[in-house]
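Data file: start_7.pdb. Format and content: PDB, C-alpha atoms.
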ATOM      1  CA  MET A  29     -19.529  11.130  15.791
ATOM      2  CA  ALA A  30     -17.620  10.468  12.577
ATOM      3  CA  ARG A  31     -14.961   7.797  12.828
ATOM      4  CA  ILE A  32     -11.294   8.482  12.109
ATOM      5  CA  ILE A  33      -9.710   5.518  10.376
ATOM      6  CA  PHE A  34      -6.031   5.151   9.481
ATOM      7  CA  HIS A  35      -4.870   2.762   6.808
ATOM      8  CA  ILE A  36      -1.151   2.172   7.311
ATOM      9  CA  ASP A  37       0.676   0.550   4.423
ATOM     10  CA  MET A  38       4.364  -0.364   4.561
ATOM     11  CA  ASN A  39       6.141   0.871   1.432
ATOM     12  CA  CYS A  40       7.836  -1.897  -0.625
ATOM     13  CA  PHE A  41       7.608  -4.035   2.497
ATOM     14  CA  PHE A  42       9.748  -7.051   1.540
ATOM     15  CA  VAL A  43      12.475  -4.807   0.124
ATOM     16  CA  SER A  44      12.244  -2.442   3.113
ATOM     17  CA  CYS A  45      12.805  -5.363   5.496
ATOM     18  CA  GLU A  46      15.886  -6.382   3.523
ATOM     19  CA  VAL A  47      17.192  -2.806   3.581
ATOM     20  CA  ALA A  48      16.540  -2.593   7.336
ATOM     21  CA  GLU A  49      18.734  -5.669   7.772
ATOM     22  CA  ASN A  50      21.353  -4.512   5.259
ATOM     23  CA  PRO A  51      21.612  -0.694   5.051
ATOM     24  CA  ASP A  52      24.086  -1.040   2.149
ATOM     25  CA  LEU A  53      21.041  -1.722  -0.031
ATOM     26  CA  PHE A  54      19.499   1.685   0.723
ATOM     27  CA  GLY A  55      18.825   3.801  -2.361
ATOM     28  CA  LYS A  56      19.739   1.019  -4.779
ATOM     29  CA  CYS A  57      17.811  -0.972  -7.348
ATOM     30  CA  VAL A  58      16.763  -3.978  -5.274
ATOM     31  CA  ALA A  59      14.270  -6.763  -5.878
ATOM     32  CA  VAL A  60      13.148  -9.746  -3.824
ATOM     33  CA  ALA A  61      12.569 -13.110  -5.454
ATOM     34  CA  PRO A  62      12.372 -16.734  -4.300
ATOM     35  CA  TYR A  63      15.399 -18.693  -5.503
ATOM     36  CA  ALA A  64      17.047 -15.433  -6.545
ATOM     37  CA  SER A  65      19.863 -17.237  -8.343
ATOM     38  CA  SER A  66      17.372 -18.757 -10.786
ATOM     39  CA  ARG A  67      16.697 -16.565 -13.792
ATOM     40  CA  LYS A  68      13.269 -18.180 -14.125
ATOM     41  CA  SER A  69      12.239 -16.964 -10.677
ATOM     42  CA  ILE A  70       9.566 -14.281 -10.275
ATOM     43  CA  ILE A  71      10.026 -10.822  -8.767
ATOM     44  CA  LEU A  72       7.930 -10.501  -5.601
ATOM     45  CA  ALA A  73       8.819  -6.902  -4.710
ATOM     46  CA  ALA A  74      11.018  -4.111  -6.014
ATOM     47  CA  SER A  75      12.421  -0.894  -4.585
ATOM     48  CA  TYR A  76      11.164   2.405  -5.943
ATOM     49  CA  GLN A  77      14.532   2.858  -7.669
ATOM     50  CA  ALA A  78      14.029  -0.494  -9.418
ATOM     51  CA  LYS A  79      10.432   0.347 -10.319
ATOM     52  CA  ALA A  80      11.691   3.520 -11.990
ATOM     53  CA  LYS A  81      13.757   1.257 -14.275
ATOM     54  CA  GLY A  82      10.662  -0.708 -15.273
ATOM     55  CA  ILE A  83      10.928  -3.572 -12.781
ATOM     56  CA  LYS A  84       7.530  -4.947 -11.789
ATOM     57  CA  THR A  85       6.202  -7.701  -9.573
ATOM     58  CA  THR A  86       5.597 -11.057 -11.331
ATOM     59  CA  MET A  87       8.342 -10.199 -13.853
ATOM     60  CA  HIS A  88      10.865 -12.973 -14.442
ATOM     61  CA  VAL A  89      14.299 -12.326 -12.968
ATOM     62  CA  ASN A  90      15.819 -12.831 -16.412
ATOM     63  CA  GLU A  91      13.721 -10.024 -17.888
ATOM     64  CA  ALA A  92      14.324  -7.791 -14.865
ATOM     65  CA  LEU A  93      18.095  -8.097 -15.237
ATOM     66  CA  ARG A  94      17.856  -7.294 -18.932
ATOM     67  CA  ARG A  95      16.007  -4.102 -18.103
ATOM     68  CA  CYS A  96      18.191  -3.204 -15.133
ATOM     69  CA  PRO A  97      21.639  -4.891 -15.180
ATOM     70  CA  GLU A  98      22.575  -3.279 -11.847
ATOM     71  CA  LEU A  99      19.543  -4.814 -10.123
ATOM     72  CA  ILE A 100      20.378  -6.569  -6.850
ATOM     73  CA  ILE A 101      18.251  -9.696  -6.388
ATOM     74  CA  VAL A 102      17.743 -10.843  -2.802
ATOM     75  CA  ASP A 103      16.318 -14.218  -1.771
ATOM     76  CA  SER A 104      12.901 -13.887  -0.163
ATOM     77  CA  ASN A 105      12.807 -14.510   3.582
ATOM     78  CA  TYR A 106       9.250 -14.877   4.846
ATOM     79  CA  GLN A 107      10.372 -15.553   8.392
ATOM     80  CA  LEU A 108      12.056 -12.140   8.424
ATOM     81  CA  TYR A 109       9.005 -10.402   6.945
ATOM     82  CA  SER A 110       6.685 -12.090   9.433
ATOM     83  CA  GLU A 111       8.892 -10.946  12.314
ATOM     84  CA  TYR A 112       8.850  -7.338  11.126
ATOM     85  CA  SER A 113       5.086  -7.569  10.646
ATOM     86  CA  ARG A 114       4.665  -8.854  14.206
ATOM     87  CA  LYS A 115       6.754  -5.957  15.509
ATOM     88  CA  PHE A 116       4.895  -3.148  13.798
ATOM     89  CA  PHE A 117       1.465  -4.639  14.527
ATOM     90  CA  SER A 118       2.464  -4.827  18.183
ATOM     91  CA  TYR A 119       3.326  -1.151  17.899
ATOM     92  CA  PHE A 120      -0.094  -0.449  16.354
ATOM     93  CA  TYR A 121      -1.754  -2.009  19.389
ATOM     94  CA  SER A 122       0.186   0.401  21.589
ATOM     95  CA  ILE A 123      -1.676   3.210  19.783
ATOM     96  CA  THR A 124      -5.169   1.706  19.922
ATOM     97  CA  PRO A 125      -6.765  -1.696  20.608
ATOM     98  CA  LEU A 126      -8.920  -1.168  17.513
ATOM     99  CA  VAL A 127      -6.568  -2.671  14.946
ATOM    100  CA  GLU A 128      -7.618  -4.735  11.932
ATOM    101  CA  PRO A 129      -4.801  -6.418   9.987
ATOM    102  CA  ALA A 130      -5.414  -6.381   6.245
ATOM    103  CA  SER A 131      -2.309  -8.320   5.195
ATOM    104  CA  ILE A 132       1.263  -8.906   6.329
ATOM    105  CA  ASP A 133       2.198  -5.291   5.505
ATOM    106  CA  GLU A 134      -0.934  -3.211   6.080
ATOM    107  CA  GLY A 135      -3.636  -2.603   8.626
ATOM    108  CA  PHE A 136      -6.504  -0.378   9.692
ATOM    109  CA  LEU A 137      -6.534   1.542  12.968
ATOM    110  CA  ASP A 138      -9.651   3.185  14.394
ATOM    111  CA  VAL A 139      -8.097   6.161  16.152
ATOM    112  CA  THR A 140     -11.318   8.058  16.844
ATOM    113  CA  ASP A 141     -10.860   7.962  20.615
ATOM    114  CA  VAL A 142      -7.113   8.637  20.412
ATOM    115  CA  CYS A 143      -7.788  11.773  18.357
ATOM    116  CA  GLN A 144      -9.854  13.308  21.122
ATOM    117  CA  ASN A 145      -6.505  14.313  22.605
ATOM    118  CA  GLU A 146      -4.291  14.454  19.509
ATOM    119  CA  ASN A 147      -4.804  15.968  16.071
ATOM    120  CA  PRO A 148      -5.123  13.198  13.417
ATOM    121  CA  ILE A 149      -2.397  14.665  11.222
ATOM    122  CA  ASP A 150      -0.043  15.042  14.184
ATOM    123  CA  LEU A 151      -0.784  11.449  15.194
ATOM    124  CA  ALA A 152      -0.091  10.194  11.667
ATOM    125  CA  ILE A 153       3.204  12.093  11.541
ATOM    126  CA  ARG A 154       4.197  10.635  14.910
ATOM    127  CA  ILE A 155       3.299   7.075  13.885
ATOM    128  CA  GLN A 156       5.122   7.365  10.574
ATOM    129  CA  LYS A 157       8.212   8.783  12.272
ATOM    130  CA  GLU A 158       8.262   6.182  15.061
ATOM    131  CA  ILE A 159       7.840   3.253  12.643
ATOM    132  CA  LEU A 160      10.761   4.565  10.623
ATOM    133  CA  GLU A 161      12.905   5.092  13.733
ATOM    134  CA  LYS A 162      11.993   1.844  15.515
ATOM    135  CA  PHE A 163      11.898  -0.559  12.591
ATOM    136  CA  LYS A 164      13.505   1.366   9.681
ATOM    137  CA  LEU A 165      10.315   0.802   7.675
ATOM    138  CA  PRO A 166       8.810   3.601   5.557
ATOM    139  CA  CYS A 167       5.032   3.672   5.414
ATOM    140  CA  SER A 168       2.185   5.640   3.889
ATOM    141  CA  ILE A 169      -0.886   6.550   5.918
ATOM    142  CA  GLY A 170      -4.370   7.232   4.595
ATOM    143  CA  ILE A 171      -6.889   8.982   6.828
ATOM    144  CA  GLY A 172     -10.619   8.760   6.210
ATOM    145  CA  PRO A 173     -14.040   8.309   7.841
ATOM    146  CA  ASN A 174     -14.153   4.639   6.770
ATOM    147  CA  LYS A 175     -11.802   1.861   5.698
ATOM    148  CA  TYR A 176     -12.441   2.303   1.985
ATOM    149  CA  LEU A 177     -11.522   5.977   1.855
ATOM    150  CA  ALA A 178      -8.578   5.466   4.204
ATOM    151  CA  LYS A 179      -7.139   2.754   1.946
ATOM    152  CA  MET A 180      -7.699   4.790  -1.218
ATOM    153  CA  ALA A 181      -5.959   7.715   0.505
ATOM    154  CA  SER A 182      -2.901   5.676   1.506
ATOM    155  CA  ASP A 183      -2.313   4.765  -2.150
ATOM    156  CA  MET A 184      -2.195   8.392  -3.256
ATOM    157  CA  LYS A 185       1.240   9.327  -1.898
ATOM    158  CA  LYS A 186       4.079   6.811  -1.744
ATOM    159  CA  PRO A 187       6.544   6.489  -0.192
ATOM    160  CA  LEU A 188       6.120   8.172   3.198
ATOM    161  CA  GLY A 189       2.885   9.920   2.294
ATOM    162  CA  ILE A 190       0.099  11.089   4.579
ATOM    163  CA  THR A 191      -3.212  11.775   2.849
ATOM    164  CA  VAL A 192      -6.619  12.781   4.184
ATOM    165  CA  LEU A 193      -9.680  11.846   2.144
ATOM    166  CA  ARG A 194     -13.032  13.173   3.326
ATOM    167  CA  LYS A 195     -16.463  12.209   1.981
ATOM    168  CA  ARG A 196     -17.005  15.701   0.602
ATOM    169  CA  GLU A 197     -13.761  15.371  -1.399
ATOM    170  CA  VAL A 198     -14.662  12.141  -3.194
ATOM    171  CA  ALA A 199     -15.893  13.828  -6.394
ATOM    172  CA  GLU A 200     -12.871  16.122  -6.541
ATOM    173  CA  LYS A 201     -10.112  13.675  -5.633
ATOM    174  CA  LEU A 202     -11.391  10.207  -6.578
ATOM    175  CA  TRP A 203     -13.630  10.629  -9.600
ATOM    176  CA  PRO A 204     -10.866  11.849 -11.961
ATOM    177  CA  LEU A 205      -8.709   8.771 -11.229
ATOM    178  CA  PRO A 206      -8.583   5.822 -13.668
ATOM    179  CA  VAL A 207     -11.141   3.212 -12.694
ATOM    180  CA  GLY A 208      -8.285   0.702 -12.461
ATOM    181  CA  ASP A 209      -7.030   2.587  -9.398
ATOM    182  CA  MET A 210     -10.208   1.751  -7.525
ATOM    183  CA  ILE A 211      -9.991  -0.900  -4.834
ATOM    184  CA  GLY A 212     -11.712  -4.050  -6.046
ATOM    185  CA  VAL A 213     -11.184  -3.407  -9.748
ATOM    186  CA  GLY A 214      -8.716  -6.041 -10.877
ATOM    187  CA  LYS A 215      -7.238  -7.209 -14.156
ATOM    188  CA  LYS A 216     -10.379  -9.143 -15.123
ATOM    189  CA  THR A 217     -12.881  -6.443 -14.177
ATOM    190  CA  LEU A 218     -11.018  -3.507 -15.725
ATOM    191  CA  PRO A 219     -11.475  -4.442 -19.414
ATOM    192  CA  LEU A 220     -15.154  -5.222 -18.781
ATOM    193  CA  LEU A 221     -15.727  -1.748 -17.373
ATOM    194  CA  GLU A 222     -13.715  -0.099 -20.134
ATOM    195  CA  GLY A 223     -15.758  -2.063 -22.662
ATOM    196  CA  ILE A 224     -18.916  -0.198 -21.626
ATOM    197  CA  GLY A 225     -17.205   3.192 -21.632
ATOM    198  CA  ILE A 226     -16.126   3.442 -18.000
ATOM    199  CA  LYS A 227     -12.646   4.960 -17.886
ATOM    200  CA  THR A 228     -12.613   6.808 -14.549
ATOM    201  CA  ILE A 229     -13.994   6.261 -11.060
ATOM    202  CA  GLY A 230     -16.347   9.158 -11.770
ATOM    203  CA  ASP A 231     -17.680   7.360 -14.860
ATOM    204  CA  LEU A 232     -18.485   4.377 -12.650
ATOM    205  CA  ALA A 233     -20.047   6.467  -9.885
ATOM    206  CA  ASN A 234     -22.320   8.225 -12.363
ATOM    207  CA  TYR A 235     -23.004   5.399 -14.807
ATOM    208  CA  PRO A 236     -26.630   5.775 -15.959
ATOM    209  CA  ASP A 237     -27.467   2.134 -16.723
ATOM    210  CA  PHE A 238     -27.249   0.179 -13.478
ATOM    211  CA  HIS A 239     -28.676  -3.005 -15.032
ATOM    212  CA  LEU A 240     -26.044  -3.066 -17.767
ATOM    213  CA  LEU A 241     -23.368  -2.449 -15.155
ATOM    214  CA  GLU A 242     -24.715  -5.303 -13.046
ATOM    215  CA  GLU A 243     -24.753  -7.668 -16.022
ATOM    216  CA  THR A 244     -21.240  -6.646 -17.046
ATOM    217  CA  ILE A 245     -19.511  -7.363 -13.768
TER     218      ILE A 245
END

Could I get this structure in the form of structure tokens?
Amino acid sequence: MARIIFHIDMNCFFVSCEVAENPDLFGKCVAVAPYASSRKSIILAASYQAKAKGIKTTMHVNEALRRCPELIIVDSNYQLYSEYSRKFFSYFYSITPLVEPASIDEGFLDVTDVCQNENPIDLAIRIQKEILEKFKLPCSIGIGPNKYLAKMASDMKKPLGITVLRKREVAEKLWPLPVGDMIGVGKKTLPLLEGIGIKTIGDLANYPDFHLLEETI
């Protein structure tokens, strides 16, 4: 029987934890940085409102404030983030024992057995709603037959998205995407692939010269 895998990814996790603790931050341009008072500090996370103003992770606070003068910089608090992570992972285990943490803010759940009694979409809606109600954390959920497709699916709709990605939909939904959107293609690999004419995931999937591809990456 095909597996049903959820990839659950907390949206703007560090910022969401800060907003959960301080609701006055909701809907505002917010960023998290260590030593927030230092203009040389680096942005670790930004709200979607801040991202819309051009704020990105690894950007210096000085540059971020130039781009978005109304930006609220909050000191990072890893103890807080770890506590929220512990809480929602504990909740995951109440859904299924088959949980695989991927990082502090994301994890995989094998819900194959759970979905014998509950529709996968209904389960995803319930999980998303309960995480928001219990912990005030928005999340996106990708649903697929394996971890790779589930994770690719969770990236497609943020925030608060639920996306199903089936094997038969790979050519239609994944191949048109930029190859840089593919899991495992980082800043170093991307220009190498583009250098041999690979622009999309479909270009990579159908690349005719495997040996050249192997030598390139």

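If you measure from each of A:Gly55, A:Pro148, A:Pro166, A:Pro129 to Phe41 (chain A) using only C-alpha atoms, the closest one turns out to be A:Pro166.
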
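Note that CA of Gly208 (chain A) and CA of Arg31 (chain A) are 27.1 Å apart.
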
Spatial neighbours of region 149-155 of chain A, 9 Å, all atoms listed in the file, chain gap at least 4 places, as number ranges by chain: A: 34, 120, 123, 142-143, 159-160, 169-171, 190-192

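Comparing the minimum interatomic distances between Pro187 (chain A) and each of A:Ser113, A:Ser65, A:Ser75, A:Gln107, counting all atoms listed in the file, we find that A:Ser75 sits nearest.
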
Spell out the residues picked by the PyMOL selection byres ((chain A and resi 126) around 6) here, as a list in words. Thr124, Pro125, Val127, Leu137 and Asp138 of chain A

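Residue selection for this entry, given the PyMOL selection byres ((chain A and resi 84) around 10), comprises Ala59, Ile70, Ile71, Leu72, Ala73, Ala74, Ser75, Ala78, Lys79, Ala80, Lys81, Gly82, Ile83, Thr85, Thr86, Met87, His88 and Ala92 of chain A.
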
What residues come out when you apply the PyMOL selection byres ((chain A and resi 219-230) around 12) to this file, written as a PyMOL selection string? chain A and resi 180+198-218+231-238+240-245

Please produce an output containing C-alpha atoms for each residue in the selection, written as a short mmCIF file (atom, residue, chain, number, x, y, z; two decimals), in the frame of the given file.
data_model
loop_
_atom_site.label_atom_id
_atom_site.label_comp_id
_atom_site.auth_asym_id
_atom_site.auth_seq_id
_atom_site.Cartn_x
_atom_site.Cartn_y
_atom_site.Cartn_z
CA MET A 180 -7.70 4.79 -1.22
CA VAL A 198 -14.66 12.14 -3.19
CA ALA A 199 -15.89 13.83 -6.39
CA GLU A 200 -12.87 16.12 -6.54
CA LYS A 201 -10.11 13.68 -5.63
CA LEU A 202 -11.39 10.21 -6.58
CA TRP A 203 -13.63 10.63 -9.60
CA PRO A 204 -10.87 11.85 -11.96
CA LEU A 205 -8.71 8.77 -11.23
CA PRO A 206 -8.58 5.82 -13.67
CA VAL A 207 -11.14 3.21 -12.69
CA GLY A 208 -8.28 0.70 -12.46
CA ASP A 209 -7.03 2.59 -9.40
CA MET A 210 -10.21 1.75 -7.52
CA ILE A 211 -9.99 -0.90 -4.83
CA GLY A 212 -11.71 -4.05 -6.05
CA VAL A 213 -11.18 -3.41 -9.75
CA GLY A 214 -8.72 -6.04 -10.88
CA LYS A 215 -7.24 -7.21 -14.16
CA LYS A 216 -10.38 -9.14 -15.12
CA THR A 217 -12.88 -6.44 -14.18
CA LEU A 218 -11.02 -3.51 -15.72
CA ASP A 231 -17.68 7.36 -14.86
CA LEU A 232 -18.48 4.38 -12.65
CA ALA A 233 -20.05 6.47 -9.88
CA ASN A 234 -22.32 8.22 -12.36
CA TYR A 235 -23.00 5.40 -14.81
CA PRO A 236 -26.63 5.78 -15.96
CA ASP A 237 -27.47 2.13 -16.72
CA PHE A 238 -27.25 0.18 -13.48
CA LEU A 240 -26.04 -3.07 -17.77
CA LEU A 241 -23.37 -2.45 -15.16
CA GLU A 242 -24.72 -5.30 -13.05
CA GLU A 243 -24.75 -7.67 -16.02
CA THR A 244 -21.24 -6.65 -17.05
CA ILE A 245 -19.51 -7.36 -13.77
#

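Between CA of Ala30 (chain A) and CA of Met184 (chain A) the separation is 22.2 Å.
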
Suppose you want the space between CA of Gln77 (chain A) and CA of Ser44 (chain A); what is it in Å? 12.2 Å

With all atoms listed in the file as the basis for distance, which of A:Lys179, A:Lys185, A:His35, A:Lys164 is at the shortest distance from Phe54 (chain A)?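 Using all atoms listed in the file, the shortest distance to Phe54 (chain A) belongs to A:Lys164.
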
Dump region 121-220 of chain A with C-alpha atoms to a file, as a CSV table (one decimal), in the first residue's frame.
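And here's result-v4.csv as it stands now:
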chain,number,residue,atom,x,y,z
A,121,TYR,CA,3.4,12.2,18.5
A,122,SER,CA,-0.2,12.4,19.6
A,123,ILE,CA,-1.1,11.9,15.9
A,124,THR,CA,1.3,9.1,15.1
A,125,PRO,CA,4.4,7.5,16.6
A,126,LEU,CA,6.0,7.6,13.2
A,127,VAL,CA,7.5,11.1,13.4
A,128,GLU,CA,10.9,12.1,12.0
A,129,PRO,CA,12.2,15.5,13.0
A,130,ALA,CA,13.9,17.3,10.2
A,131,SER,CA,15.0,20.4,12.1
A,132,ILE,CA,13.7,22.6,14.9
A,133,ASP,CA,10.7,23.8,12.9
A,134,GLU,CA,9.8,20.9,10.6
A,135,GLY,CA,9.2,17.2,10.6
A,136,PHE,CA,7.8,14.3,8.7
A,137,LEU,CA,4.8,12.2,9.8
A,138,ASP,CA,3.9,8.8,8.3
A,139,VAL,CA,0.1,9.0,8.7
A,140,THR,CA,-0.7,6.0,6.5
A,141,ASP,CA,-2.3,4.0,9.3
A,142,VAL,CA,-4.1,7.1,10.7
A,143,CYS,CA,-5.6,7.8,7.3
A,144,GLN,CA,-7.4,4.4,7.2
A,145,ASN,CA,-10.0,6.2,9.4
A,146,GLU,CA,-9.6,9.8,8.3
A,147,ASN,CA,-9.2,11.5,4.9
A,148,PRO,CA,-5.6,12.9,4.5
A,149,ILE,CA,-6.9,16.3,3.6
A,150,ASP,CA,-9.2,16.4,6.5
A,151,LEU,CA,-6.4,15.3,8.8
A,152,ALA,CA,-4.1,18.0,7.5
A,153,ILE,CA,-6.7,20.7,8.0
A,154,ARG,CA,-7.3,19.4,11.5
A,155,ILE,CA,-3.6,19.4,12.3
A,156,GLN,CA,-3.0,22.8,10.9
A,157,LYS,CA,-6.0,24.3,12.8
A,158,GLU,CA,-5.0,22.6,16.1
A,159,ILE,CA,-1.4,23.8,15.9
A,160,LEU,CA,-2.6,27.4,15.2
A,161,GLU,CA,-5.1,27.2,18.1
A,162,LYS,CA,-2.8,25.4,20.6
A,163,PHE,CA,0.5,27.2,19.9
A,164,LYS,CA,-0.5,30.2,17.7
A,165,LEU,CA,1.9,28.8,15.1
A,166,PRO,CA,1.0,28.9,11.4
A,167,CYS,CA,2.3,26.0,9.4
A,168,SER,CA,2.3,24.6,5.8
A,169,ILE,CA,1.7,20.9,5.2
A,170,GLY,CA,2.9,18.9,2.2
A,171,ILE,CA,1.3,15.5,1.5
A,172,GLY,CA,3.0,12.9,-0.7
A,173,PRO,CA,3.9,9.2,-1.1
A,174,ASN,CA,7.4,9.8,0.1
A,175,LYS,CA,9.4,12.4,2.1
A,176,TYR,CA,10.9,14.1,-0.9
A,177,LEU,CA,7.5,14.9,-2.6
A,178,ALA,CA,5.9,15.8,0.8
A,179,LYS,CA,8.7,18.4,1.4
A,180,MET,CA,8.5,19.8,-2.1
A,181,ALA,CA,4.7,20.1,-1.6
A,182,SER,CA,5.0,22.0,1.7
A,183,ASP,CA,7.1,24.7,0.0
A,184,MET,CA,4.5,25.4,-2.7
A,185,LYS,CA,2.0,27.3,-0.5
A,186,LYS,CA,3.0,29.5,2.4
A,187,PRO,CA,1.8,30.5,4.8
A,188,LEU,CA,-0.9,28.1,6.0
A,189,GLY,CA,-0.9,26.0,2.8
A,190,ILE,CA,-1.9,22.4,2.3
A,191,THR,CA,-0.6,20.8,-0.9
A,192,VAL,CA,-0.9,17.3,-2.3
A,193,LEU,CA,1.8,16.1,-4.7
A,194,ARG,CA,1.4,12.7,-6.3
A,195,LYS,CA,3.9,10.8,-8.4
A,196,ARG,CA,1.8,11.1,-11.5
A,197,GLU,CA,1.8,14.9,-11.0
A,198,VAL,CA,5.6,15.3,-10.9
A,199,ALA,CA,5.9,16.3,-14.6
A,200,GLU,CA,3.0,18.7,-14.4
A,201,LYS,CA,3.8,20.4,-11.1
A,202,LEU,CA,7.5,20.0,-10.5
A,203,TRP,CA,9.2,20.1,-13.9
A,204,PRO,CA,8.2,23.7,-14.7
A,205,LEU,CA,9.8,25.0,-11.5
A,206,PRO,CA,13.2,26.6,-11.5
A,207,VAL,CA,15.9,24.0,-10.7
A,208,GLY,CA,16.9,26.2,-7.7
A,209,ASP,CA,13.6,25.3,-6.1
A,210,MET,CA,14.6,21.7,-5.9
A,211,ILE,CA,15.6,20.3,-2.6
A,212,GLY,CA,19.3,19.7,-2.5
A,213,VAL,CA,20.2,22.3,-5.1
A,214,GLY,CA,22.0,25.0,-3.2
A,215,LYS,CA,23.9,28.2,-4.0
A,216,LYS,CA,27.0,26.3,-5.2
A,217,THR,CA,25.2,23.7,-7.3
A,218,LEU,CA,22.8,26.1,-9.0
A,219,PRO,CA,25.3,28.0,-11.2
A,220,LEU,CA,26.9,24.7,-12.2
